[in-house]
Amino acid sequence: MANKKLHVQTVEVECAFCKGTGKDPFELLSTVSSCQVCSGTGHRLVAAPAAKCAYCGGSGVHPHSRMVCMTCRGAGQVNVPEEAVRCPGCGGSGKESDNHYFDSVLPCMVCGGKGVVDAQSEAARKALAPGD
Ligand SMILES: [Zn+2]
Ligand SMILES: [Zn+2]
Ligand SMILES: [Zn+2]
């Protein structure tokens, strides 16, 4: 077997959606229902390197709703590129400034809500390239 890092490194993070309690924070089903994000374990595994989810600010909750954040799936942390640069589409907020859905701002389409993009990606290259 070749000694190469083929499997993805993961980091264990506290489940942001339930703040590590394992309980449904909104008690939608019943007061004893388990957190839908972590199945009641209170933690989640995120592929490394991980950083705070820009879209929900690390709360794991979709802004202005009781839903799980689409970007981090409730973990509050997201896998980011090794060479991450601030997303040129949203300036790092993870939100699409002129793309609203009811009260909620949708995740940035460039970075998917992470607020950062791979430095080698086309979006980053375009943003860094001098305009003509
Ligand atoms: Zn949880
Ligand atoms: Zn999130
Ligand atoms: Zn973005």
# chains A, B, ... in the order shown; residues from 1 in each chain; ligands from 1
$ select_by_dssp --residues "range 10-130 of chain A" --states "helix (DSSP H, G or I)" --output "list in words"
Glu122, Ala123, Ala124, Arg125, Lys126, Ala127 and Leu128 of chain A
$ residues_near_ligand --ligand "ligand 3" --cutoff "7 Å" --atoms "only C-alpha atoms and all ligand atoms" --output "PyMOL selection string"
chain A and resi 87-95+108-116
$ write_last_selection --atoms "C-alpha atoms" --output "PDB file, in the first residue's frame"
ATOM      1  CA  CYS A  87     -14.684  35.347  -1.829  1.00  0.00           C
ATOM      2  CA  PRO A  88     -14.874  38.075  -4.488  1.00  0.00           C
ATOM      3  CA  GLY A  89     -18.602  37.492  -4.863  1.00  0.00           C
ATOM      4  CA  CYS A  90     -19.693  38.364  -1.329  1.00  0.00           C
ATOM      5  CA  GLY A  91     -16.594  39.934   0.182  1.00  0.00           C
ATOM      6  CA  GLY A  92     -16.457  37.199   2.782  1.00  0.00           C
ATOM      7  CA  SER A  93     -19.979  37.470   4.178  1.00  0.00           C
ATOM      8  CA  GLY A  94     -21.166  34.286   2.487  1.00  0.00           C
ATOM      9  CA  LYS A  95     -24.368  36.034   1.519  1.00  0.00           C
ATOM     10  CA  CYS A 108     -23.421  33.488  -2.137  1.00  0.00           C
ATOM     11  CA  MET A 109     -23.392  31.539  -5.380  1.00  0.00           C
ATOM     12  CA  VAL A 110     -19.656  31.957  -5.839  1.00  0.00           C
ATOM     13  CA  CYS A 111     -18.508  30.419  -2.566  1.00  0.00           C
ATOM     14  CA  GLY A 112     -21.692  28.615  -1.564  1.00  0.00           C
ATOM     15  CA  GLY A 113     -21.820  30.574   1.682  1.00  0.00           C
ATOM     16  CA  LYS A 114     -18.343  29.765   2.946  1.00  0.00           C
ATOM     17  CA  GLY A 115     -17.066  33.303   2.404  1.00  0.00           C
ATOM     18  CA  VAL A 116     -13.833  32.007   0.937  1.00  0.00           C
TER      19      VAL A 116
END
$ residues_near_ligand --ligand "ligand 2" --cutoff "6 Å" --atoms "only C-alpha atoms and all ligand atoms" --output "CSV table (one decimal) with C-alpha atoms, in the first residue's frame"
chain,number,residue,atom,x,y,z
A,53,CYS,CA,-19.3,29.1,8.4
A,55,TYR,CA,-23.2,32.3,6.0
A,56,CYS,CA,-24.6,31.5,9.5
A,58,GLY,CA,-21.1,29.7,13.0
A,60,GLY,CA,-25.5,26.4,12.3
A,69,CYS,CA,-27.9,26.2,7.6
A,71,THR,CA,-23.8,25.8,3.9
A,72,CYS,CA,-22.5,23.9,6.9
A,74,GLY,CA,-25.7,22.8,11.0
A,76,GLY,CA,-21.2,25.8,12.2
$ residues_near_ligand --ligand "ligand 1" --cutoff "9 Å" --atoms "only C-alpha atoms and all ligand atoms" --output "PyMOL selection string"
chain A and resi 14-25+34-44+74-75
$ select_by_dssp --residues "range 6-128 of chain A" --states "strand (DSSP E)" --output "PyMOL selection string"
chain A and resi 10-14+43-47+50-52+77-79+84-86+95-101+104-107+116-118
$ closest_residue --among "A:Ser121, A:Lys52, A:Phe26, A:Val105" --to "Arg66 in chain A" --atoms "only C-alpha atoms"
A:Phe26
$ atom_distance --atom1 "CA of Met70 in chain A" --atom2 "CA of Ala51 in chain A"
15.3 Å
$ residues_around --residues "Val8 in chain A" --least-positions-apart "3" --cutoff "10 Å" --atoms "only C-alpha atoms" --output "PyMOL selection string"
chain A and resi 5+11+46-49
$ write_last_selection --atoms "C-alpha atoms" --output "PDB file, in the first residue's frame"
ATOM      1  CA  LYS A   5      -2.855  10.622   2.388  1.00  0.00           C
ATOM      2  CA  VAL A  11     -11.901  17.485  12.602  1.00  0.00           C
ATOM      3  CA  VAL A  46     -16.017  18.228   9.211  1.00  0.00           C
ATOM      4  CA  ALA A  47     -13.399  17.671   6.548  1.00  0.00           C
ATOM      5  CA  ALA A  48     -10.190  19.562   7.316  1.00  0.00           C
ATOM      6  CA  PRO A  49      -9.230  22.310   7.061  1.00  0.00           C
TER       7      PRO A  49
END
$ closest_residue --among "A:Val78, A:Val68, A:Leu106, A:Ala54" --to "Thr10 in chain A" --atoms "only C-alpha atoms"
A:Val78
$ atom_distance --atom1 "CA of Glu83 in chain A" --atom2 "CA of Asp118 in chain A"
5.7 Å
